[in-house]
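Remarks on the structure that follows.
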Amino acid sequence: MKIETERLVLRGFTPEDYPALRAMMDADTMWAYGHRFSDMDVADWLSRQINRMETWGFSLCAVELKDSGAMVGQCGITVQDCLGAHVPEVGYVFGREYWHHGYATEAAAACRDYAFEELGFGEVYSIIRDVNAASRRVALRLGMKPRGVFVKHYRGIDMPHIAYSVSKE
């Protein structure tokens, strides 16, 4: 899976992406998860993305700036449990220093379109912690509407999430 936008390149992760991914997944960036990711957490995360790509042909991808090749985040499509179903989700995480540049919206819009046009999904979701206002704004910019609220139990913490979705038109 490779997607190019005006400013970004999204490509499948490789094991060589570990250092950049590790640097990105600090407590500030991963605040919505409620913890800083340890070395093992990052290694497991990376392994899951590589395995998803091999199994499904899609996953979260490394997001790089076209002009420099710097990894600024990750964005892609996964399958998540949501409101009693398994749904395709457009997910995104960007390094804090790259927030408020429009990269999340640009990458997520490209993934939404890829999910519709290349993967044949009729509807895609973004599942966002209720306190994550910036990610909720990205979902709205993608044309998504809130579809329901549910609680995820993560590391002993109840975390309310809002399920947003948009259908292919």
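Following the order of the structure tokens, chains are lettered A, B, ..., residues in each are numbered from 1, and ligands are numbered from 1.
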
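If you count only C-alpha atoms and ignore residues fewer than 2 places along the chain from Asn132 in chain A, what sits within 10 Å of it is Trp31, Ala32, Ile128, Arg129, Asp130, Ala134, Ser135, Arg136, Arg137, His161 and Ile162 of chain A.
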
Expected file contents, prior selection, all heavy atoms, as a CSV table (one decimal), in the first residue's frame:
```csv
chain,number,residue,atom,x,y,z
A,31,TRP,N,-0.9,10.9,24.3
A,31,TRP,CA,-1.7,11.2,25.5
A,31,TRP,C,-3.1,10.6,25.5
A,31,TRP,O,-3.6,10.3,26.5
A,31,TRP,CB,-1.7,12.8,25.6
A,31,TRP,CG,-2.6,13.4,24.6
A,31,TRP,CD1,-2.3,13.8,23.3
A,31,TRP,CD2,-4.0,13.6,24.7
A,31,TRP,NE1,-3.4,14.3,22.7
A,31,TRP,CE2,-4.5,14.2,23.5
A,31,TRP,CE3,-5.0,13.4,25.7
A,31,TRP,CZ2,-5.8,14.5,23.2
A,31,TRP,CZ3,-6.3,13.7,25.5
A,31,TRP,CH2,-6.7,14.3,24.3
A,32,ALA,N,-3.7,10.4,24.3
A,32,ALA,CA,-5.0,9.9,24.3
A,32,ALA,C,-5.1,8.4,24.7
A,32,ALA,O,-6.1,7.9,25.0
A,32,ALA,CB,-5.7,10.1,22.9
A,128,ILE,N,-12.6,7.7,18.1
A,128,ILE,CA,-11.8,8.7,18.7
A,128,ILE,C,-12.2,8.9,20.1
A,128,ILE,O,-13.4,9.0,20.5
A,128,ILE,CB,-12.0,10.1,17.9
A,128,ILE,CG1,-11.6,9.9,16.5
A,128,ILE,CG2,-11.2,11.2,18.6
A,128,ILE,CD1,-12.0,11.0,15.6
A,129,ARG,N,-11.2,9.0,21.0
A,129,ARG,CA,-11.5,9.2,22.4
A,129,ARG,C,-12.2,10.6,22.5
A,129,ARG,O,-11.9,11.5,21.9
A,129,ARG,CB,-10.1,9.3,23.2
A,129,ARG,CG,-10.4,9.2,24.7
A,129,ARG,CD,-9.2,8.7,25.4
A,129,ARG,NE,-9.4,8.9,26.8
A,129,ARG,CZ,-8.5,9.2,27.7
A,129,ARG,NH1,-7.2,9.1,27.3
A,129,ARG,NH2,-8.8,9.4,29.0
A,130,ASP,N,-13.2,10.6,23.4
A,130,ASP,CA,-14.1,11.8,23.5
A,130,ASP,C,-13.4,13.1,23.8
A,130,ASP,O,-13.8,14.1,23.5
A,130,ASP,CB,-15.2,11.5,24.5
A,130,ASP,CG,-14.8,11.3,25.9
A,130,ASP,OD1,-13.6,11.0,26.2
A,130,ASP,OD2,-15.7,11.4,26.8
A,134,ALA,N,-8.9,17.6,18.7
A,134,ALA,CA,-8.2,17.8,17.5
A,134,ALA,C,-8.6,16.6,16.5
A,134,ALA,O,-8.8,16.9,15.3
A,134,ALA,CB,-6.7,17.9,17.7
A,135,SER,N,-8.5,15.4,17.0
A,135,SER,CA,-8.8,14.3,16.1
A,135,SER,C,-10.3,14.3,15.7
A,135,SER,O,-10.7,13.9,14.6
A,135,SER,CB,-8.5,12.9,16.8
A,135,SER,OG,-7.1,12.8,16.8
A,136,ARG,N,-11.2,14.7,16.6
A,136,ARG,CA,-12.6,14.8,16.3
A,136,ARG,C,-12.8,15.8,15.1
A,136,ARG,O,-13.6,15.6,14.2
A,136,ARG,CB,-13.4,15.2,17.5
A,136,ARG,CG,-13.4,14.0,18.5
A,136,ARG,CD,-14.0,14.4,19.9
A,136,ARG,NE,-15.4,14.9,19.7
A,136,ARG,CZ,-16.1,15.4,20.6
A,136,ARG,NH1,-15.6,15.7,21.8
A,136,ARG,NH2,-17.3,15.8,20.4
A,137,ARG,N,-12.0,16.9,15.2
A,137,ARG,CA,-12.1,17.9,14.1
A,137,ARG,C,-11.7,17.3,12.8
A,137,ARG,O,-12.2,17.6,11.7
A,137,ARG,CB,-11.4,19.2,14.4
A,137,ARG,CG,-12.1,20.0,15.5
A,137,ARG,CD,-11.4,21.4,15.6
A,137,ARG,NE,-10.0,21.3,16.1
A,137,ARG,CZ,-9.6,21.3,17.4
A,137,ARG,NH1,-10.5,21.3,18.3
A,137,ARG,NH2,-8.4,21.2,17.7
A,161,HIS,N,-15.3,6.6,23.9
A,161,HIS,CA,-14.9,6.9,22.5
A,161,HIS,C,-16.1,7.3,21.7
A,161,HIS,O,-17.2,6.8,22.0
A,161,HIS,CB,-14.2,5.7,21.9
A,161,HIS,CG,-12.8,5.5,22.3
A,161,HIS,ND1,-12.4,5.1,23.5
A,161,HIS,CD2,-11.7,5.6,21.6
A,161,HIS,CE1,-11.1,5.1,23.6
A,161,HIS,NE2,-10.6,5.4,22.4
A,162,ILE,N,-16.0,8.1,20.7
A,162,ILE,CA,-17.0,8.4,19.7
A,162,ILE,C,-16.7,7.7,18.4
A,162,ILE,O,-15.6,7.9,17.9
A,162,ILE,CB,-17.1,9.9,19.6
A,162,ILE,CG1,-17.4,10.6,20.9
A,162,ILE,CG2,-18.3,10.3,18.6
A,162,ILE,CD1,-17.3,12.1,20.9
```

Task: Shell of 12 Å around range 92-107 of chain A, only C-alpha atoms, local chain residues under 5 positions omitted, as an MDAnalysis selection string - done: chainID A and resid 2:11 20:33 59:66 70:78 112:114 125:128 132 134:144

Could those selected residues go to a file with C-alpha atoms, as a JSON list (two decimals), in the first residue's frame?
```
[["chain", "number", "residue", "atom", "x", "y", "z"],
["A", 2, "LYS", "CA", 1.45, 3.31, -1.08],
["A", 3, "ILE", "CA", -0.45, 6.58, -1.28],
["A", 4, "GLU", "CA", 0.88, 9.96, -2.34],
["A", 5, "THR", "CA", -0.74, 13.31, -1.63],
["A", 6, "GLU", "CA", 0.37, 16.84, -2.40],
["A", 7, "ARG", "CA", 2.84, 16.93, 0.51],
["A", 8, "LEU", "CA", 2.97, 13.39, 1.88],
["A", 9, "VAL", "CA", 3.87, 9.80, 1.06],
["A", 10, "LEU", "CA", 2.16, 6.98, 2.97],
["A", 11, "ARG", "CA", 3.87, 3.61, 2.76],
["A", 20, "ALA", "CA", 11.51, 7.07, 14.05],
["A", 21, "LEU", "CA", 8.35, 5.42, 15.36],
["A", 22, "ARG", "CA", 9.87, 5.09, 18.84],
["A", 23, "ALA", "CA", 10.80, 8.77, 18.89],
["A", 24, "MET", "CA", 7.27, 9.70, 17.86],
["A", 25, "MET", "CA", 5.34, 7.59, 20.37],
["A", 26, "ASP", "CA", 6.17, 9.61, 23.46],
["A", 27, "ALA", "CA", 3.79, 10.65, 26.24],
["A", 28, "ASP", "CA", 2.88, 13.95, 24.56],
["A", 29, "THR", "CA", 1.96, 12.35, 21.25],
["A", 30, "MET", "CA", 0.23, 9.33, 22.73],
["A", 31, "TRP", "CA", -1.67, 11.23, 25.45],
["A", 32, "ALA", "CA", -5.05, 9.89, 24.27],
["A", 33, "TYR", "CA", -3.80, 6.38, 25.09],
["A", 59, "SER", "CA", -2.67, -1.16, 7.88],
["A", 60, "LEU", "CA", -1.40, 1.98, 9.50],
["A", 61, "CYS", "CA", 1.42, 3.32, 7.33],
["A", 62, "ALA", "CA", 4.45, 5.50, 7.84],
["A", 63, "VAL", "CA", 3.68, 9.07, 6.74],
["A", 64, "GLU", "CA", 6.65, 10.95, 5.32],
["A", 65, "LEU", "CA", 7.08, 14.45, 3.99],
["A", 66, "LYS", "CA", 7.65, 14.33, 0.23],
["A", 70, "ALA", "CA", 11.07, 12.76, 7.36],
["A", 71, "MET", "CA", 8.51, 10.53, 9.10],
["A", 72, "VAL", "CA", 5.90, 12.84, 10.60],
["A", 73, "GLY", "CA", 3.26, 10.33, 11.63],
["A", 74, "GLN", "CA", 1.27, 7.27, 10.80],
["A", 75, "CYS", "CA", -2.07, 6.94, 9.11],
["A", 76, "GLY", "CA", -3.95, 4.14, 7.45],
["A", 77, "ILE", "CA", -6.77, 1.66, 7.62],
["A", 78, "THR", "CA", -7.29, -1.07, 10.20],
["A", 112, "ARG", "CA", -10.62, 7.38, 3.28],
["A", 113, "ASP", "CA", -10.59, 7.65, -0.52],
["A", 114, "TYR", "CA", -8.29, 4.61, -0.80],
["A", 125, "TYR", "CA", -15.02, 4.95, 10.58],
["A", 126, "SER", "CA", -12.72, 6.86, 12.88],
["A", 127, "ILE", "CA", -12.92, 5.85, 16.52],
["A", 128, "ILE", "CA", -11.79, 8.73, 18.69],
["A", 132, "ASN", "CA", -9.45, 14.28, 21.71],
["A", 134, "ALA", "CA", -8.24, 17.76, 17.47],
["A", 135, "SER", "CA", -8.85, 14.25, 16.12],
["A", 136, "ARG", "CA", -12.59, 14.82, 16.27],
["A", 137, "ARG", "CA", -12.14, 17.92, 14.08],
["A", 138, "VAL", "CA", -10.17, 15.85, 11.55],
["A", 139, "ALA", "CA", -13.05, 13.33, 11.37],
["A", 140, "LEU", "CA", -15.53, 16.15, 10.75],
["A", 141, "ARG", "CA", -13.31, 17.60, 8.00],
["A", 142, "LEU", "CA", -13.42, 14.14, 6.36],
["A", 143, "GLY", "CA", -17.21, 14.40, 6.18],
["A", 144, "MET", "CA", -17.71, 11.97, 9.05]]
```

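In terms of minimum interatomic distance to Val166 in chain A, A:Ala109 ranks closest within A:Ala109, A:Phe150, A:Ser47, A:Glu118, counting only C-alpha atoms.
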
- [ ] Go through range 11-156 of chain A and collect every residue that DSSP, computed from the backbone, puts in helix (DSSP H, G or I); the answer should be as a count of residues only.
- [x] 58

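Distance-wise, CA of Pro160 in chain A and CA of Val90 in chain A end up 18.2 Å apart.
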
Open item on the list: Run DSSP on the backbone and tell me which residues of chain A come out as strand (DSSP E); list them as a count of residues only.
Closed with: 64

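Residue nearest His153 in chain A, chosen from A:Asn51, A:Gly34, A:Ala108, A:Trp45 and counting only C-alpha atoms: A:Gly34.
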
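Our summary of the geometry notes that CA of Pro15 in chain A is positioned 16.5 Å from CA of Ser38 in chain A.
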
- [ ] Fewer than 3 positions away in the same chain doesn't count, so skip those; otherwise give me all residues within 9 Å of Phe121 in chain A, counting only C-alpha atoms, as a list in words.
- [x] Pro88, Ala115, Phe116, Glu117, Glu118, Val124, Ser167 and Lys168 of chain A

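Here the question is which of A:Val151, A:Pro19, A:Met1, A:Cys82 gets nearest to Leu46 in chain A using only C-alpha atoms, and that residue is A:Pro19.
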
Task: CA of Asp81 in chain A to CA of Met40 in chain A, distance in Å rounded to a single decimal - done: 23.7 Å
